[in-house]
Amino acid sequence: MDGQKKSTFLYSCQSGGRADYSVEIEKTLVDVEQRLFKVEAVLSSMTSFKQPIHLIVRGDRPLYFNVNRRQIEIGKNLLSSEAHLERALIKSWIYQQRQQQNPATALSDEVMTDFLYYLIKGQLNVEDPLTRIQTRIGTALWPQVLKNAETYCDSAWKLSEDYEKCHTFNTEMMTMSQERISELSVRPLVSSSFIIAYKKLSFHQQKIILSRLSDFLGDRDFTSDKAIEMILKESNPLQQGMRAIRNFSNFVLASHIVDINEYQQLYAQLTLELQSSGVSDSFAEAYFDYIFEIPDKVSVQSDFFKNLEKAALQNMNLQVAIKDKNSIWILPSKTYLPIQSFDRIKSRQTVFFACLNLKEIKVSDFFEKAEKLMMIKGCDQSMALDFSSLLKYGVKDFVKQNNQIKFVQMHLPSLEMKQKELSHVNNFFNLVENRDVNSPEFRTLGWTQIQWSDDYHAYKPKAAIEAIEFFRN
């Protein structure tokens with residue numbers, strides 16, 4: 001155990017060396033032996049360790065982490081946190097299955113380490129020693145899983161090797177490229193999909209897969225085109241993340257035992273799991289349950305952003321995003337991507353905050369982007385709005401809880417049916433100010449009556465076509 005002033009060494013029995021007794025190292029030894037006994041036993045049952053592994057505990061660098069075929073260096077804070085030590089042993093064992101390391105398989109090594117840890121422990125609970133937040137499987141979706149440097153460092157899914165670097169994070173010290181961050185960002189998605197795919201196989205299939213796992217983890221025979229593909233560079237974060245996912249697929253397919261039927265079944269199930277998490281050929285198309293759009297520049301320090309972030313955190317089952325004129329934030333993290341990264345962005349419900357200086361709002365621009373559109377008058381980001389009611393209960397509860405806003409809620413497919421007759425309308429707030437059901441526009445929509453709802457403090461038209469569902473002015 002290395003300290004700032006001295007180092008204490010515990011020699012192996014074979015070395016014949018003697019070490020002074022230390023209470024601290026005795027406690028560490030007992031802890032290490034208890035934690036690694038089952039891990040070592042399971043790994044050895046598949047194939048024995050090819051070399052002994054030396055463990056160095058760093059007291060001078062408590063968040064340090066480095067693993068190779070023969071040695072583990074781990075800071076004392078990471079040692080005392082869940083899963084880092086166990087994963088270190090698994091990674092070292094994986095490295096020993098190959099003749100040489102391939103940087104292109106770095107993500108694959110992490111995923112397989114997660115998989116083996118899950119098999120041994122029955123869960124994947126890697127713990128952040130500073131926040132005590134633990135990883136969870138099955139919660140990552142594409143493209144929400146993508147991170148930037150800051151949100152990657154906030155995640156419990158960051159590599160153990162990156163804890164020290166992230167702890168001293170600033171623009172000068174954070175030297176990781178966005179491409180590497182995009183690659184590492186997809187780890188929770190790929191690890192979860194691989195684990196879930198394995199769990200869906202029969203017990204017999206699982207048994208055969210485990211019996212050949214050490215062979216599966218061995219050297220790869222990549223074709224020349226696949227080898228080139230794996231080292232190509234991308235500038236678009238979406239393409240970077242997608243390439244990392246494809247590289248993992250290439251990793252699986254390049255195994256010399258992949259032709260075994262059980263491994264083919266595992267790969268097929270993995271593909272289905274990735275698809276169910278949003279990964280498809282049209283990877284540059286993103287779908288959200290809710291998009292909140294401001295045609296200005298969004299401030300992450302604003303009440304608007306913080307309230308939405310909090311609401312998204314309370315409703316993790318929903319896909320929520322904030323969009324401004326340049327970027328899109330994928331909540332509840334502060335990860336943002338350029339709008340240009342996406343070919344298309346679609347939502348079930350878009351909430352558009354119409355700044356007061358807008359003279360014209362082209363609703364037709366939303367026809368291909370959303371099913372429903374709520375336009376709210378004004379875009380003051382200091383507004384204290386209750387977004388939790390919207391995400392948890394829906395639009396009606398949202399307008400009830402926020403009775404100060406002026407809005408128009410539309411069903412866009414119905415409105416699109418009458419777009420030709422309504423093409424001259426460039427401001428729907430002005431349109432609904434006149435509540436005369438005999439006006440040409442309202443007759444076009446088949447309005448026969450406008451009812452006031454005391455429950456929601458809003459007007460609801462009675463109409464043949466529910467293009468405008470309700471409004472408040």
# chains A, B, ... in the order shown; residues from 1 in each chain; ligands from 1
$ residues_around --residues "A:Ile196" --least-positions-apart "4" --cutoff "8 Å" --atoms "only C-alpha atoms" --output "PDB file with C-alpha atoms, in the first residue's frame"
ATOM      1  CA  GLY A 138     -31.655  -1.337 -18.609  1.00  0.00           C
ATOM      2  CA  SER A 192     -27.335  -3.618 -20.689  1.00  0.00           C
ATOM      3  CA  LYS A 200     -33.403 -14.189 -22.466  1.00  0.00           C
ATOM      4  CA  LEU A 270     -28.427  -8.564 -28.809  1.00  0.00           C
ATOM      5  CA  GLU A 273     -32.271  -5.433 -27.641  1.00  0.00           C
TER       6      GLU A 273
END
$ residues_around --residues "A:Leu385" --least-positions-apart "2" --cutoff "7 Å" --atoms "only C-alpha atoms" --output "ChimeraX atom specification"
/A:383,387,402
$ closest_residue --among "A:Leu146, A:Gly241, A:Asp380, A:Asp365" --to "A:Ser299" --atoms "only C-alpha atoms"
A:Asp380
$ residues_around --residues "stretch 411-416 of chain A" --least-positions-apart "4" --cutoff "8 Å" --atoms "only C-alpha atoms" --output "list in words"
Ser364, Phe366, Phe367, Ala370, Glu371, Lys372, Leu373, Ile465, Glu466, Ala467, Ile468 and Glu469 of chain A
$ write_last_selection --atoms "C-alpha atoms" --output "PDB file, in the first residue's frame"
ATOM      1  CA  SER A 364     -46.702  23.813 -40.644  1.00  0.00           C
ATOM      2  CA  PHE A 366     -44.048  21.124 -36.932  1.00  0.00           C
ATOM      3  CA  PHE A 367     -46.228  18.796 -39.035  1.00  0.00           C
ATOM      4  CA  ALA A 370     -44.637  16.205 -33.660  1.00  0.00           C
ATOM      5  CA  GLU A 371     -48.030  14.665 -33.036  1.00  0.00           C
ATOM      6  CA  LYS A 372     -49.161  17.401 -30.682  1.00  0.00           C
ATOM      7  CA  LEU A 373     -48.001  20.983 -30.280  1.00  0.00           C
ATOM      8  CA  ILE A 465     -62.171  18.370 -36.167  1.00  0.00           C
ATOM      9  CA  GLU A 466     -60.216  18.660 -32.920  1.00  0.00           C
ATOM     10  CA  ALA A 467     -57.269  20.473 -34.464  1.00  0.00           C
ATOM     11  CA  ILE A 468     -57.267  22.946 -31.557  1.00  0.00           C
ATOM     12  CA  GLU A 469     -57.971  20.881 -28.458  1.00  0.00           C
TER      13      GLU A 469
END
$ closest_residue --among "A:Ile181, A:Val399, A:Ala197, A:Ala41" --to "A:Tyr456" --atoms "only C-alpha atoms"
A:Val399
$ residues_around --residues "A:His457" --least-positions-apart "4" --cutoff "7 Å" --atoms "only C-alpha atoms" --output "list in words"
Lys400, Asn403 and Ser453 of chain A
$ residues_around --residues "A:Phe49" --least-positions-apart "2" --cutoff "9 Å" --atoms "only C-alpha atoms" --output "MDAnalysis selection string"
chainID A and resid 40 43:44 47 51:53 93 96:97
$ residues_around --residues "A:Glu161" --least-positions-apart "6" --cutoff "10 Å" --atoms "only C-alpha atoms" --output "PDB file with C-alpha atoms, in the first residue's frame"
ATOM      1  CA  LEU A  63      -8.763   7.800  -7.359  1.00  0.00           C
ATOM      2  CA  TYR A  64      -6.005   6.242  -9.458  1.00  0.00           C
ATOM      3  CA  PHE A  65      -6.780   3.123 -11.491  1.00  0.00           C
ATOM      4  CA  ASN A  66      -4.709   1.172 -13.981  1.00  0.00           C
ATOM      5  CA  VAL A  67      -4.930  -2.460 -15.077  1.00  0.00           C
ATOM      6  CA  ILE A  74      -6.060   1.065  -7.513  1.00  0.00           C
ATOM      7  CA  HIS A  84     -13.952  -1.404  -8.948  1.00  0.00           C
TER       8      HIS A  84
END
$ residues_around --residues "stretch 318-330 of chain A" --least-positions-apart "4" --cutoff "8 Å" --atoms "only C-alpha atoms" --output "short mmCIF file (atom, residue, chain, number, x, y, z; two decimals) with N, CA and C atoms, in the first residue's frame"
data_model
loop_
_atom_site.label_atom_id
_atom_site.label_comp_id
_atom_site.auth_asym_id
_atom_site.auth_seq_id
_atom_site.Cartn_x
_atom_site.Cartn_y
_atom_site.Cartn_z
N GLN A 144 -30.12 9.23 -26.22
CA GLN A 144 -30.01 9.89 -24.92
C GLN A 144 -28.75 9.48 -24.16
N TYR A 287 -36.31 10.27 -31.45
CA TYR A 287 -37.72 10.41 -31.06
C TYR A 287 -37.78 10.66 -29.56
N PHE A 288 -38.59 11.65 -29.15
CA PHE A 288 -38.75 12.00 -27.75
C PHE A 288 -40.24 12.01 -27.39
N ASP A 289 -40.53 11.73 -26.13
CA ASP A 289 -41.89 11.89 -25.66
C ASP A 289 -42.26 13.37 -25.59
N TYR A 290 -41.32 14.17 -25.06
CA TYR A 290 -41.55 15.62 -24.93
C TYR A 290 -40.32 16.39 -25.41
N ILE A 291 -40.55 17.37 -26.23
CA ILE A 291 -39.51 18.33 -26.59
C ILE A 291 -39.99 19.72 -26.18
N PHE A 292 -39.14 20.43 -25.45
CA PHE A 292 -39.43 21.81 -25.05
C PHE A 292 -38.52 22.72 -25.86
N GLU A 293 -39.13 23.57 -26.67
CA GLU A 293 -38.36 24.35 -27.64
C GLU A 293 -38.48 25.85 -27.37
N ILE A 294 -37.34 26.50 -27.36
CA ILE A 294 -37.26 27.96 -27.26
C ILE A 294 -36.49 28.47 -28.47
N PRO A 295 -37.07 29.38 -29.27
CA PRO A 295 -36.39 29.85 -30.47
C PRO A 295 -35.34 30.90 -30.16
N ASP A 296 -34.66 30.74 -29.07
CA ASP A 296 -33.63 31.67 -28.60
C ASP A 296 -32.50 30.80 -28.05
N LYS A 297 -31.64 31.36 -27.22
CA LYS A 297 -30.55 30.59 -26.62
C LYS A 297 -30.95 30.18 -25.21
N VAL A 298 -30.89 28.89 -24.94
CA VAL A 298 -31.27 28.36 -23.63
C VAL A 298 -30.11 28.49 -22.65
N ALA A 312 -37.60 15.82 -15.34
CA ALA A 312 -37.14 14.67 -16.13
C ALA A 312 -36.52 13.61 -15.24
N LYS A 334 -27.05 17.13 -18.60
CA LYS A 334 -26.83 18.37 -19.32
C LYS A 334 -26.12 18.13 -20.65
N THR A 335 -26.15 16.90 -21.13
CA THR A 335 -25.55 16.59 -22.42
C THR A 335 -26.28 17.35 -23.52
N TYR A 336 -25.53 18.00 -24.37
CA TYR A 336 -26.16 18.68 -25.51
C TYR A 336 -25.41 18.33 -26.79
N LEU A 337 -26.15 18.31 -27.89
CA LEU A 337 -25.58 18.01 -29.19
C LEU A 337 -26.03 19.09 -30.17
N PRO A 338 -25.22 19.36 -31.20
CA PRO A 338 -25.65 20.34 -32.21
C PRO A 338 -26.88 19.81 -32.95
N ILE A 339 -27.77 20.72 -33.31
CA ILE A 339 -28.96 20.34 -34.08
C ILE A 339 -28.54 19.63 -35.36
N LEU A 391 -45.21 15.98 -17.19
CA LEU A 391 -44.58 14.69 -17.48
C LEU A 391 -45.28 13.54 -16.77
#
$ closest_residue --among "A:Leu210, A:Leu331, A:Met46, A:Val30" --to "A:Pro143" --atoms "only C-alpha atoms"
A:Leu331
$ closest_residue --among "A:Arg180, A:Arg132, A:Lys207, A:Lys420" --to "A:Pro237" --atoms "only C-alpha atoms"
A:Arg180
